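The structure file protein_1.cif is reproduced below (mmCIF, C-alpha atoms and all ligand atoms).
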data_model
loop_
_atom_site.label_atom_id
_atom_site.label_comp_id
_atom_site.auth_asym_id
_atom_site.auth_seq_id
_atom_site.Cartn_x
_atom_site.Cartn_y
_atom_site.Cartn_z
CA MET A 1 45.14 4.38 -17.04
CA PRO A 2 42.82 1.39 -16.47
CA SER A 3 39.94 1.02 -18.85
CA ALA A 4 36.65 2.39 -17.56
CA ARG A 5 34.93 -0.83 -18.50
CA THR A 6 37.04 -3.19 -16.40
CA SER A 7 38.19 -1.17 -13.37
CA ASN A 8 36.41 -0.81 -10.04
CA PRO A 9 35.02 2.67 -9.39
CA PRO A 10 37.57 5.06 -7.86
CA PRO A 11 37.09 5.33 -4.07
CA ALA A 12 35.45 8.78 -4.30
CA LEU A 13 32.74 7.35 -6.52
CA GLU A 14 32.24 4.23 -4.45
CA GLN A 15 29.71 5.95 -2.24
CA LEU A 16 27.47 6.37 -5.28
CA PHE A 17 27.16 2.62 -5.39
CA GLN A 18 26.10 2.26 -1.75
CA PRO A 19 22.44 1.35 -1.32
CA LEU A 20 20.42 4.35 -0.23
CA ARG A 21 18.80 4.40 3.19
CA ALA A 22 15.04 4.67 2.87
CA GLU A 23 14.91 8.36 3.78
CA GLU A 24 17.50 9.26 1.13
CA ARG A 25 15.30 8.00 -1.69
CA PRO A 26 12.76 10.28 -3.35
CA ALA A 27 9.38 10.47 -1.62
CA VAL A 28 6.63 8.78 -3.62
CA ILE A 29 3.97 10.10 -1.27
CA ARG A 30 4.12 13.12 0.98
CA ALA A 31 1.42 14.22 3.37
CA VAL A 32 1.73 17.63 4.99
CA ASP A 33 -0.39 18.50 8.03
CA VAL A 34 -3.32 16.46 6.79
CA ARG A 35 -6.53 16.80 8.80
CA LYS A 36 -9.82 15.05 8.27
CA VAL A 37 -13.05 15.85 10.00
CA TYR A 38 -16.08 13.67 9.28
CA THR A 39 -19.43 15.30 9.87
CA THR A 40 -22.32 12.99 10.60
CA GLY A 41 -25.46 14.97 11.44
CA GLU A 42 -24.49 17.13 14.42
CA GLN A 43 -21.45 15.09 15.23
CA GLN A 44 -17.91 15.86 14.11
CA THR A 45 -15.17 13.27 14.26
CA HIS A 46 -11.58 14.42 14.03
CA ALA A 47 -10.14 11.32 12.38
CA LEU A 48 -6.80 12.90 11.47
CA ARG A 49 -5.41 15.83 13.46
CA GLY A 50 -2.43 16.93 11.37
CA ALA A 51 -0.46 14.05 9.87
CA THR A 52 2.86 14.76 8.17
CA LEU A 53 4.79 11.91 6.62
CA SER A 54 6.84 10.86 3.62
CA VAL A 55 6.81 7.44 2.01
CA PHE A 56 10.06 6.70 0.19
CA ARG A 57 10.44 4.81 -3.05
CA GLY A 58 10.87 1.09 -2.61
CA GLU A 59 10.26 1.01 1.14
CA TYR A 60 7.87 -1.10 3.17
CA LEU A 61 6.14 1.10 5.70
CA SER A 62 3.80 -0.34 8.31
CA ILE A 63 1.21 1.73 10.08
CA MET A 64 0.17 0.64 13.57
CA GLY A 65 -2.52 1.98 15.82
CA PRO A 66 -5.59 0.91 17.76
CA SER A 67 -8.93 0.54 16.05
CA GLY A 68 -10.40 3.98 15.34
CA SER A 69 -7.03 5.76 15.51
CA GLY A 70 -7.24 6.92 11.88
CA LYS A 71 -5.29 4.30 9.90
CA SER A 72 -7.90 3.80 7.18
CA THR A 73 -8.50 7.54 6.99
CA LEU A 74 -4.78 8.10 6.48
CA PHE A 75 -4.85 5.46 3.73
CA ASN A 76 -7.77 7.13 2.02
CA MET A 77 -5.88 10.42 2.07
CA ILE A 78 -2.51 9.19 0.82
CA GLY A 79 -4.21 6.95 -1.74
CA ALA A 80 -6.24 9.89 -3.11
CA LEU A 81 -9.51 8.11 -2.35
CA GLN A 82 -10.80 10.99 -0.22
CA LYS A 83 -9.97 14.65 0.08
CA PRO A 84 -8.47 15.98 3.31
CA THR A 85 -10.36 18.69 5.20
CA SER A 86 -7.07 20.60 5.20
CA GLY A 87 -3.41 19.92 4.44
CA LYS A 88 -1.69 18.65 1.32
CA VAL A 89 -1.02 15.27 -0.24
CA TYR A 90 1.59 14.88 -2.98
CA ILE A 91 1.87 11.71 -5.04
CA ASP A 92 5.03 11.62 -7.16
CA GLN A 93 5.53 15.33 -6.32
CA VAL A 94 2.07 16.25 -7.67
CA ASP A 95 -0.29 18.13 -5.34
CA ILE A 96 -3.38 16.00 -5.82
CA ALA A 97 -5.74 18.84 -4.86
CA GLN A 98 -4.90 20.42 -8.22
CA LEU A 99 -6.11 17.44 -10.23
CA ASP A 100 -9.53 17.34 -11.88
CA GLN A 101 -11.78 14.26 -11.74
CA ASN A 102 -10.26 12.66 -14.84
CA GLU A 103 -6.71 13.18 -13.68
CA LEU A 104 -7.59 11.82 -10.23
CA SER A 105 -9.16 8.70 -11.74
CA TRP A 106 -6.07 8.22 -13.90
CA LEU A 107 -3.82 8.52 -10.86
CA ARG A 108 -5.90 6.10 -8.74
CA CYS A 109 -5.92 3.65 -11.58
CA ARG A 110 -2.25 3.79 -12.58
CA LYS A 111 -0.14 4.98 -9.71
CA VAL A 112 -1.60 3.24 -6.68
CA GLY A 113 -2.77 -0.31 -6.03
CA TYR A 114 -5.23 -0.94 -3.19
CA ILE A 115 -5.68 -4.03 -1.04
CA PHE A 116 -8.46 -4.02 1.56
CA GLN A 117 -9.11 -6.05 4.70
CA THR A 118 -12.26 -7.55 3.20
CA TYR A 119 -10.71 -8.12 -0.25
CA ASN A 120 -13.45 -6.12 -2.04
CA LEU A 121 -13.65 -8.40 -5.05
CA ILE A 122 -16.63 -8.26 -7.37
CA GLN A 123 -18.57 -11.40 -6.55
CA VAL A 124 -20.26 -11.93 -9.91
CA MET A 125 -16.97 -11.79 -11.78
CA THR A 126 -14.34 -14.49 -12.12
CA CYS A 127 -10.82 -14.02 -10.72
CA LEU A 128 -9.65 -13.28 -14.21
CA GLU A 129 -12.31 -10.59 -14.74
CA ASN A 130 -11.59 -9.05 -11.34
CA VAL A 131 -7.90 -8.67 -12.19
CA MET A 132 -8.65 -7.45 -15.73
CA LEU A 133 -11.05 -4.75 -14.49
CA PRO A 134 -8.50 -2.03 -13.56
CA MET A 135 -6.75 -2.60 -16.88
CA GLY A 136 -10.05 -2.01 -18.66
CA PHE A 137 -10.38 1.30 -16.77
CA ALA A 138 -6.87 2.17 -17.90
CA GLY A 139 -7.83 1.59 -21.53
CA ILE A 140 -5.72 -1.53 -22.03
CA GLU A 141 -6.89 -3.68 -24.86
CA ALA A 142 -8.78 -6.81 -23.72
CA GLU A 143 -6.43 -9.45 -25.06
CA GLN A 144 -3.39 -7.81 -23.53
CA ALA A 145 -5.25 -7.32 -20.23
CA ARG A 146 -6.24 -10.97 -20.24
CA GLU A 147 -2.67 -12.13 -20.72
CA LYS A 148 -1.36 -9.89 -17.99
CA ALA A 149 -4.15 -10.93 -15.59
CA ILE A 150 -3.33 -14.59 -16.16
CA SER A 151 0.34 -13.97 -15.54
CA LEU A 152 -0.43 -12.01 -12.34
CA LEU A 153 -2.77 -14.74 -11.10
CA LYS A 154 -0.05 -17.29 -11.76
CA SER A 155 2.47 -15.19 -9.87
CA VAL A 156 0.25 -15.25 -6.77
CA GLY A 157 -0.18 -19.01 -7.09
CA LEU A 158 -3.70 -19.00 -8.56
CA GLY A 159 -3.05 -20.10 -12.13
CA HIS A 160 -5.45 -23.00 -11.55
CA ARG A 161 -8.32 -20.81 -10.31
CA ILE A 162 -8.66 -18.12 -12.95
CA LEU A 163 -12.24 -18.91 -13.90
CA HIS A 164 -13.48 -19.34 -10.35
CA LYS A 165 -15.63 -16.71 -8.67
CA PRO A 166 -14.58 -15.24 -5.29
CA ALA A 167 -17.20 -17.21 -3.31
CA GLU A 168 -15.58 -20.45 -4.51
CA LEU A 169 -12.23 -19.49 -2.98
CA SER A 170 -10.80 -19.42 0.54
CA GLY A 171 -10.11 -16.08 2.25
CA GLY A 172 -6.40 -16.40 1.55
CA GLN A 173 -7.04 -17.12 -2.11
CA GLN A 174 -9.39 -14.15 -2.37
CA GLN A 175 -6.75 -11.91 -0.85
CA ARG A 176 -4.27 -13.24 -3.44
CA VAL A 177 -6.68 -12.22 -6.19
CA ALA A 178 -6.88 -8.78 -4.56
CA ILE A 179 -3.08 -8.58 -4.55
CA ALA A 180 -2.96 -9.56 -8.24
CA ARG A 181 -5.64 -6.94 -8.99
CA SER A 182 -3.72 -4.25 -7.08
CA LEU A 183 -0.75 -4.86 -9.40
CA ALA A 184 -2.76 -4.86 -12.63
CA ASN A 185 -1.55 -1.48 -13.86
CA SER A 186 1.98 -1.86 -12.41
CA PRO A 187 1.55 0.84 -9.76
CA GLY A 188 4.58 2.25 -7.95
CA VAL A 189 2.80 2.05 -4.61
CA VAL A 190 0.55 -0.58 -3.05
CA LEU A 191 -1.60 0.41 -0.08
CA ALA A 192 -2.74 -2.54 2.00
CA ASP A 193 -5.25 -1.86 4.77
CA GLU A 194 -4.97 -4.68 7.34
CA PRO A 195 -4.53 -7.29 4.58
CA THR A 196 -4.03 -10.20 6.99
CA ALA A 197 -6.71 -9.28 9.54
CA ASN A 198 -9.24 -11.82 8.25
CA LEU A 199 -6.76 -14.60 7.59
CA ASP A 200 -5.47 -17.41 9.75
CA GLN A 201 -1.83 -17.37 10.90
CA ARG A 202 -0.45 -19.51 8.12
CA THR A 203 -2.34 -17.85 5.29
CA GLY A 204 -1.42 -14.46 6.77
CA GLN A 205 2.24 -15.45 6.67
CA GLU A 206 1.90 -16.50 3.02
CA MET A 207 0.42 -13.11 2.20
CA ILE A 208 3.25 -11.32 3.99
CA ASP A 209 5.85 -13.35 2.09
CA LEU A 210 4.05 -12.63 -1.15
CA LEU A 211 4.04 -8.86 -0.52
CA ASP A 212 7.68 -9.02 0.48
CA ASP A 213 8.55 -10.88 -2.74
CA LEU A 214 6.73 -8.23 -4.77
CA LYS A 215 8.63 -5.54 -3.02
CA GLN A 216 11.94 -7.28 -3.70
CA SER A 217 11.24 -8.32 -7.29
CA LEU A 218 9.22 -5.38 -8.61
CA GLY A 219 10.54 -2.63 -6.35
CA VAL A 220 6.97 -1.75 -5.37
CA THR A 221 6.58 0.63 -2.42
CA ILE A 222 4.27 -0.91 0.17
CA VAL A 223 2.31 0.87 2.87
CA SER A 224 0.35 -1.42 5.10
CA ALA A 225 -1.82 -0.92 8.18
CA THR A 226 -1.32 -3.88 10.43
CA HIS A 227 -1.06 -5.29 13.93
CA ASP A 228 0.58 -8.40 12.63
CA LEU A 229 3.97 -8.83 14.29
CA LYS A 230 5.27 -10.91 11.39
CA MET A 231 4.40 -8.14 9.00
CA LEU A 232 5.94 -5.47 11.20
CA LYS A 233 9.19 -7.40 11.33
CA LYS A 234 9.41 -7.37 7.52
CA SER A 235 8.90 -3.60 7.31
CA ASP A 236 11.62 -1.03 6.78
CA ARG A 237 9.85 1.52 8.95
CA ILE A 238 6.95 1.51 11.38
CA LEU A 239 4.67 4.45 12.04
CA TRP A 240 2.41 4.65 15.09
CA ILE A 241 -0.81 6.59 14.90
CA GLU A 242 -2.80 7.50 18.00
CA ASP A 243 -6.05 9.42 18.02
CA GLY A 244 -5.41 10.90 14.57
CA ARG A 245 -1.83 11.95 15.29
CA ILE A 246 1.44 10.37 14.25
CA ALA A 247 2.99 9.45 17.57
CA ARG A 248 6.25 7.86 16.45
CA VAL A 249 8.14 6.66 13.36
CA ALA A 250 11.04 4.20 13.68
CA HIS A 251 13.20 1.95 11.56
CA ALA A 252 12.28 -1.68 12.17
CA GLY A 253 15.89 -2.32 13.26
CA GLU A 254 15.45 0.15 16.13
CA VAL A 255 12.27 -1.46 17.47
CA ASP A 256 12.20 -3.94 20.35
CA PHE A 257 9.67 -6.51 19.10
CA ASP A 258 9.90 -8.39 22.43
CA SER A 259 8.45 -5.42 24.31
CA GLN A 260 4.99 -5.46 25.88
CA GLU A 261 3.25 -3.41 23.18
CA PHE A 262 3.66 -6.20 20.61
CA HIS A 263 2.19 -8.97 22.79
P1 LIG B 301 -8.86 2.79 11.91
O1 LIG B 301 -8.69 2.41 10.49
O2 LIG B 301 -7.58 3.10 12.62
O3 LIG B 301 -9.69 1.83 12.68
P2 LIG B 301 -10.54 4.94 10.85
O4 LIG B 301 -9.67 5.81 10.04
O5 LIG B 301 -11.42 4.00 10.13
O6 LIG B 301 -9.66 4.19 11.96
O7 LIG B 301 -11.47 5.85 11.74
C1 LIG B 301 -11.00 6.97 12.50
C2 LIG B 301 -12.19 7.66 13.16
O8 LIG B 301 -13.01 8.25 12.16
C3 LIG B 301 -13.10 6.71 13.92
O9 LIG B 301 -13.58 7.38 15.05
C4 LIG B 301 -14.22 6.41 12.94
O10 LIG B 301 -15.41 6.11 13.61
C5 LIG B 301 -14.33 7.72 12.19
N1 LIG B 301 -14.76 7.53 10.79
C6 LIG B 301 -14.13 6.81 9.83
N2 LIG B 301 -14.76 6.90 8.65
C7 LIG B 301 -15.85 7.68 8.87
C8 LIG B 301 -16.91 8.16 8.02
N3 LIG B 301 -16.97 7.86 6.72
N4 LIG B 301 -17.84 8.96 8.59
C9 LIG B 301 -17.78 9.30 9.89
N5 LIG B 301 -16.81 8.89 10.74
C10 LIG B 301 -15.86 8.10 10.24
MG MG B 302 -9.23 0.69 9.45
#
How does this structure look as structure tokens?
Ligand code: ADP
Ligand code: MG
Amino acid sequence: MPSARTSNPPPALEQLFQPLRAEERPAVIRAVDVRKVYTTGEQQTHALRGATLSVFRGEYLSIMGPSGSGKSTLFNMIGALQKPTSGKVYIDQVDIAQLDQNELSWLRCRKVGYIFQTYNLIQVMTCLENVMLPMGFAGIEAEQAREKAISLLKSVGLGHRILHKPAELSGGQQQRVAIARSLANSPGVVLADEPTANLDQRTGQEMIDLLDDLKQSLGVTIVSATHDLKMLKKSDRILWIEDGRIARVAHAGEVDFDSQEFH
């Protein structure tokens, strides 16, 4: 009888050591028939017309769709920033409609990190203060928050800019600060809404590599709305949204990136 410590697993157990395909992992976010109607005066806009999707732990999911198709609305729903008109959203198996204001704030602060197209940094605060802010909301003691913020800023290559204000930085650097801020409370999921849309090609590529590194090193789940081919190629799955409906979901390996729709 070989010792359990030194032997390879018996063949029947070997499958337990196989990496899981994305859809075999637990869902971190689940949306079920989510609809959103915006009412502006007399006008109603059906921004989401029944979206059902699961986001699996550790995956990189890209959301594609023309402007106005409902990408940001879908983000706001799965990130618990807005309530759906109907349908359910579960984050870590919890139906978020059942949460009160305090619980929702806790969830937004701890479970999800947000990165926006226009960075959304607070202009009067330094990079350090911007990254410390979500930790303050989470009740983390200032000295500890400061240390973590410095380490996050270093990890995105901005260790030499911690006391600068956003206006003193390039777009790419500001987006790096936003990435550092999104990770402040070590969320399981990062939602990035067109994070490279305002960046030049090279800076966009740096941002994509950075997000990919975070995914690999921290196991963060990433959901990103994007048209950026480079970003799509790094994804595990791609979801197409058209006029508020999910039109298609595919593994990146099954997608022909040379086809017309990507050029
Ligand atoms: P995308 O991010 O794909 O460009 P959005 O989710 O922002 O699309 O928008 C989907 C539709 O909903 C659009 O027609 C947009 O004009 C409308 N919309 C988005 N936000 C609002 C809002 N707060 N009030 C009214 N209409 C909105
Ligand atoms: Mg949008």
Padding 8 Å on every side, please: axis-aligned box over the listed atoms of ligand LIG 301 (chain B), centre and edge lengths to one decimal in Å, as JSON.
{"center_x": -12.7, "center_y": 5.6, "center_z": 10.9, "size_x": 26.3, "size_y": 23.5, "size_z": 24.3}
What's the 8 Å shell around segment 228-235 of chain A, counting all atoms listed in the file, without same-chain residues fewer than 3 positions away, as a ChimeraX atom specification? /A:59-62,196-197,205,208,212,238,252,257,262
Students should find that atom CA of Thr52 of chain A and atom CA of Asn185 of chain A are spaced 27.7 Å
Could you give me, as CSV, a per-residue list for chain A showing, wherever an atom lies at most 9 Å from an atom of ligand MG 302 (chain B), the closest pair of atoms and their distance in Å to one decimal, using all atoms listed in the file and sorting by chain then residue number from low to high?
residue,atom,partner,partner_atom,distance
A:Ser67,CA,B:MG302,MG,6.6
A:Gly68,CA,B:MG302,MG,6.8
A:Ser69,CA,B:MG302,MG,8.2
A:Gly70,CA,B:MG302,MG,7.0
A:Lys71,CA,B:MG302,MG,5.4
A:Ser72,CA,B:MG302,MG,4.1
A:Thr73,CA,B:MG302,MG,7.3
A:Phe75,CA,B:MG302,MG,8.6
A:Gln117,CA,B:MG302,MG,8.2
A:Asp193,CA,B:MG302,MG,6.7
A:Glu194,CA,B:MG302,MG,7.2
A:Ala225,CA,B:MG302,MG,7.7
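When atom CA of Gln216 of chain A is paired with atom O5 of ligand LIG 301 (chain B), their separation reads 29.4 Å.
Shortest atom-to-atom contact with Ser224 of chain A among A:Leu99, A:Ala31, A:Ile63, A:Gly159: A:Ile63, counting all atoms listed in the file.
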Compile the contact shell of Gly171 of chain A as an mmCIF file with C-alpha atoms, keeping the file's coordinate frame: residues with an atom at most 8 Å away, counting only C-alpha atoms, same-chain residues fewer than 4 positions apart removed.
data_model
loop_
_atom_site.group_PDB
_atom_site.id
_atom_site.type_symbol
_atom_site.label_atom_id
_atom_site.label_comp_id
_atom_site.auth_asym_id
_atom_site.auth_seq_id
_atom_site.Cartn_x
_atom_site.Cartn_y
_atom_site.Cartn_z
ATOM 1 C CA GLN A 175 -6.750 -11.910 -0.850
ATOM 2 C CA ASN A 198 -9.240 -11.820 8.250
ATOM 3 C CA LEU A 199 -6.760 -14.600 7.590
#
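Distance annotation: of A:Thr226, A:Ser170, A:Thr126, A:Ser259, the residue with the minimal separation from ligand LIG 301 (chain B) is A:Thr226; atom set is all atoms listed in the file.
Nearest residue to Leu133 of chain A, choosing from A:Arg248, A:Lys88, A:Arg181, A:Arg108 and counting all atoms listed in the file: A:Arg181.
Each of A:Met64, A:Leu169, A:Leu239, A:Val131 was checked against Leu153 of chain A using all atoms listed in the file; the smallest atom-to-atom distance is that of A:Val131.
Around Val89 of chain A, within 8 Å and counting only C-alpha atoms, the residues found are Ile29, Arg30, Ala31, Val32, Val34, Met77, Ile78, Asp95, Ile96 and Ala97 of chain A, once anything fewer than 6 positions away on its own chain is removed.
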